[in-house]
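The structure appears right after this line, and notes come after that.
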Amino acid sequence: MSQNTVSRFQFLRSARGWVLPVVLLLVWEFMSRQSAEHSYAFASISQIFHGLVEIISTGELQQGITASVQRALLGLLIGGSVGFVVGAIMSSWRVADVLIGPLYHMLRQVPLMGLVPLFSLWLGNGDPSKLTVVCLSAFYPLVLATYESLHQVEGKYREVGDVYKLGKWRTFYKILLPAALPNIFTGISFALAFAWLATIGSEILFAAGAGLGNIMMNAQAASRMDILIILTALIGLLGFLMNFFINRAGRYLFRWRNLR
């Protein structure tokens, strides 16, 4: 098989992933041209493009992206950090597990959006309520991931600490935590996904302030289907990119696992 044939074959394989998106775009454009009702429900590609230019030129899109991404990452940092600490304490201290565990497992069954009325009454409809929702969305998976990851560390690692008489804290810091970190990092990727979903959801429910969710509510009120489509696609793209980068960071940080 010649080199040109191999190159064409590889190109066709890589292009297969674009077949479905192209087909969907063609079907979408076809539906937008059928009637006035269809043109409202399926904004044409040209309308979507002009809407994108409009929302970029006003600076509203850039401001919304910045606000939403910052809110998601800050919520992940705060909620994830607290979740890691709580999960580590519950895993290492039996009394804390008994005292905190039942309350944690009860509260995490309550949908976050069901707590919105409480947060609205306590904190108002501004950024504090939004950030609280995002922090909790990152807190729950990090507690569980940290707790389970530390519990799943093999007993032989714990025995090493006993042999070297490291003590409880040094055994945790030098042995248990490094062994559990890859699985905890997987929990961080889940926490990021939940934080991003909670960010958009909280911005829709708490309409005050900047954010992509707030822009979506304004577009709905103005019957701007083109803007809604742009924002929906953008939210999915930003979530994909954040997940992609955190997975790449995890592969780099824990590349030593492939050397075993």
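Residue numbering restarts at 1 in every chain; chains get A, B, ... in the order shown in the structure tokens, and ligands count up from 1 in that same order.
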With only C-alpha atoms counted and 9 Å as the cut-off, give the residues of stretch 14-90 of chain A in contact with stretch 221-244 of chain A, each with its shortest interatomic distance in Å and the pair that gives it, as JSON lines.
{"residue": "A:Tyr40", "atom": "CA", "partner": "A:Met225", "partner_atom": "CA", "distance": 6.9}
{"residue": "A:Ala41", "atom": "CA", "partner": "A:Met225", "partner_atom": "CA", "distance": 7.0}
{"residue": "A:Phe42", "atom": "CA", "partner": "A:Met225", "partner_atom": "CA", "distance": 7.7}
{"residue": "A:Ala43", "atom": "CA", "partner": "A:Asp226", "partner_atom": "CA", "distance": 5.6}
{"residue": "A:Ser44", "atom": "CA", "partner": "A:Asp226", "partner_atom": "CA", "distance": 7.9}
{"residue": "A:Ile45", "atom": "CA", "partner": "A:Asp226", "partner_atom": "CA", "distance": 8.6}
{"residue": "A:Gln47", "atom": "CA", "partner": "A:Asp226", "partner_atom": "CA", "distance": 6.3}
{"residue": "A:Ile48", "atom": "CA", "partner": "A:Asp226", "partner_atom": "CA", "distance": 4.8}
{"residue": "A:Phe49", "atom": "CA", "partner": "A:Asp226", "partner_atom": "CA", "distance": 8.3}
{"residue": "A:His50", "atom": "CA", "partner": "A:Asp226", "partner_atom": "CA", "distance": 8.6}
{"residue": "A:Gly51", "atom": "CA", "partner": "A:Ile227", "partner_atom": "CA", "distance": 6.0}
{"residue": "A:Leu52", "atom": "CA", "partner": "A:Ile230", "partner_atom": "CA", "distance": 6.9}
{"residue": "A:Ile55", "atom": "CA", "partner": "A:Ile227", "partner_atom": "CA", "distance": 8.0}
{"residue": "A:Leu61", "atom": "CA", "partner": "A:Leu231", "partner_atom": "CA", "distance": 8.8}
{"residue": "A:Ile65", "atom": "CA", "partner": "A:Leu238", "partner_atom": "CA", "distance": 8.8}
{"residue": "A:Val69", "atom": "CA", "partner": "A:Leu238", "partner_atom": "CA", "distance": 8.4}
Hey, what's within 10 Å of A:Leu115 if we count only C-alpha atoms and toss same-chain stuff fewer than 5 positions away? As a PDB file with all heavy atoms, in the first residue's frame, please?
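Result file follows (around_37.pdb):
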ATOM      1  N   VAL A 110     -30.638  15.670  48.368  1.00  0.00           N
ATOM      2  CA  VAL A 110     -31.536  16.794  48.056  1.00  0.00           C
ATOM      3  C   VAL A 110     -31.025  17.493  46.796  1.00  0.00           C
ATOM      4  O   VAL A 110     -29.872  17.935  46.757  1.00  0.00           O
ATOM      5  CB  VAL A 110     -31.582  17.808  49.224  1.00  0.00           C
ATOM      6  CG1 VAL A 110     -32.520  18.964  48.880  1.00  0.00           C
ATOM      7  CG2 VAL A 110     -32.015  17.110  50.503  1.00  0.00           C
ATOM      8  N   SER A 120     -32.248  31.804  48.225  1.00  0.00           N
ATOM      9  CA  SER A 120     -32.806  33.102  47.820  1.00  0.00           C
ATOM     10  C   SER A 120     -33.257  33.905  49.033  1.00  0.00           C
ATOM     11  O   SER A 120     -33.050  35.125  49.098  1.00  0.00           O
ATOM     12  CB  SER A 120     -33.974  32.867  46.859  1.00  0.00           C
ATOM     13  OG  SER A 120     -34.528  34.098  46.446  1.00  0.00           O
ATOM     14  N   VAL A 133     -24.480  27.675  45.453  1.00  0.00           N
ATOM     15  CA  VAL A 133     -24.953  26.517  44.688  1.00  0.00           C
ATOM     16  C   VAL A 133     -23.791  25.825  43.988  1.00  0.00           C
ATOM     17  O   VAL A 133     -23.673  24.589  43.997  1.00  0.00           O
ATOM     18  CB  VAL A 133     -26.026  26.953  43.668  1.00  0.00           C
ATOM     19  CG1 VAL A 133     -26.371  25.809  42.721  1.00  0.00           C
ATOM     20  CG2 VAL A 133     -27.274  27.434  44.373  1.00  0.00           C
TER      21      VAL A 133
END
**Prompt:** Using only C-alpha atoms, which residues sit within 8 Å of stretch 116-118 of chain A once same-chain residues fewer than 4 positions away are excluded, as a list in words?
**Reply:** Leu112, Trp122, Ser129, Val133 and Leu205 of chain A
Pull the closest atom pair for each residue of stretch 63-163 of chain A that gets at most 9 Å from stretch 186-199 of chain A, along with the distance in Å to one decimal, counting only C-alpha atoms, ordering rows by chain and then ascending residue number, as a Markdown table.
| residue | atom | partner | partner_atom | distance |
| --- | --- | --- | --- | --- |
| A:Ser68 | CA | A:Thr199 | CA | 6.6 |
| A:Val69 | CA | A:Trp196 | CA | 7.9 |
| A:Arg71 | CA | A:Thr199 | CA | 6.8 |
| A:Ala72 | CA | A:Trp196 | CA | 5.4 |
| A:Leu73 | CA | A:Leu192 | CA | 7.7 |
| A:Gly75 | CA | A:Ala195 | CA | 6.7 |
| A:Leu76 | CA | A:Leu192 | CA | 6.2 |
| A:Gly79 | CA | A:Ala191 | CA | 9.0 |
| A:Gly80 | CA | A:Ala191 | CA | 7.3 |
| A:Leu112 | CA | A:Ala198 | CA | 8.2 |
| A:Met113 | CA | A:Ala198 | CA | 8.5 |
| A:Lys130 | CA | A:Thr199 | CA | 7.0 |
| A:Leu131 | CA | A:Thr199 | CA | 7.8 |
| A:Val133 | CA | A:Ala198 | CA | 6.5 |
| A:Val134 | CA | A:Ala195 | CA | 5.1 |
| A:Cys135 | CA | A:Ala195 | CA | 7.2 |
| A:Leu136 | CA | A:Ala195 | CA | 8.3 |
| A:Ser137 | CA | A:Ala195 | CA | 5.4 |
| A:Ala138 | CA | A:Ala191 | CA | 4.5 |
| A:Phe139 | CA | A:Ala191 | CA | 7.4 |
| A:Tyr140 | CA | A:Ala191 | CA | 7.9 |
| A:Pro141 | CA | A:Ala191 | CA | 5.7 |
| A:Leu142 | CA | A:Gly187 | CA | 5.7 |
| A:Val143 | CA | A:Gly187 | CA | 8.8 |
| A:Leu144 | CA | A:Gly187 | CA | 8.1 |
| A:Ala145 | CA | A:Gly187 | CA | 5.1 |
| A:Thr146 | CA | A:Gly187 | CA | 7.6 |
**Prompt:** At what distance in Å, to one decimal, does atom CA of A:Phe206 lie from atom CA of A:Leu121?
**Reply:**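 Computing it gives 11.7 Å between the two atoms.
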**Prompt:** Hey, can you check how far atom CA of A:Gln109 sits from atom CA of A:Ala208?
**Reply:**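 About the pair atom CA of A:Gln109 and atom CA of A:Ala208: they are 27.5 Å apart.
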**Message:** Nearest residue to A:Glu154 out of A:Met217, A:Trp169, A:Leu176, A:Leu74, using only C-alpha atoms?
**Reply:**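 Checking each of A:Met217, A:Trp169, A:Leu176, A:Leu74 against A:Glu154, counting only C-alpha atoms, the winner is A:Leu176.
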**Message:** So, with only C-alpha atoms as the atoms that count, which of A:Ala219, A:Ser46, A:Ser149, A:Leu123 lies closest to A:Glu29?
**Reply:** A:Ser46
**Prompt:** For the atom pair atom CA of A:Gly155 and atom CA of A:Val95, what is the interatomic distance in Å to one decimal place?
**Reply:**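 Interatomic distance here is 21.0 Å.
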**Prompt:** Given the choices A:Ile246, A:Ile100, A:Ile175, A:Ile200, which gets closest to A:Gln70 if the distance is worked out from only C-alpha atoms?
**Reply:**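 Using only C-alpha atoms, the shortest distance to A:Gln70 belongs to A:Ile200.
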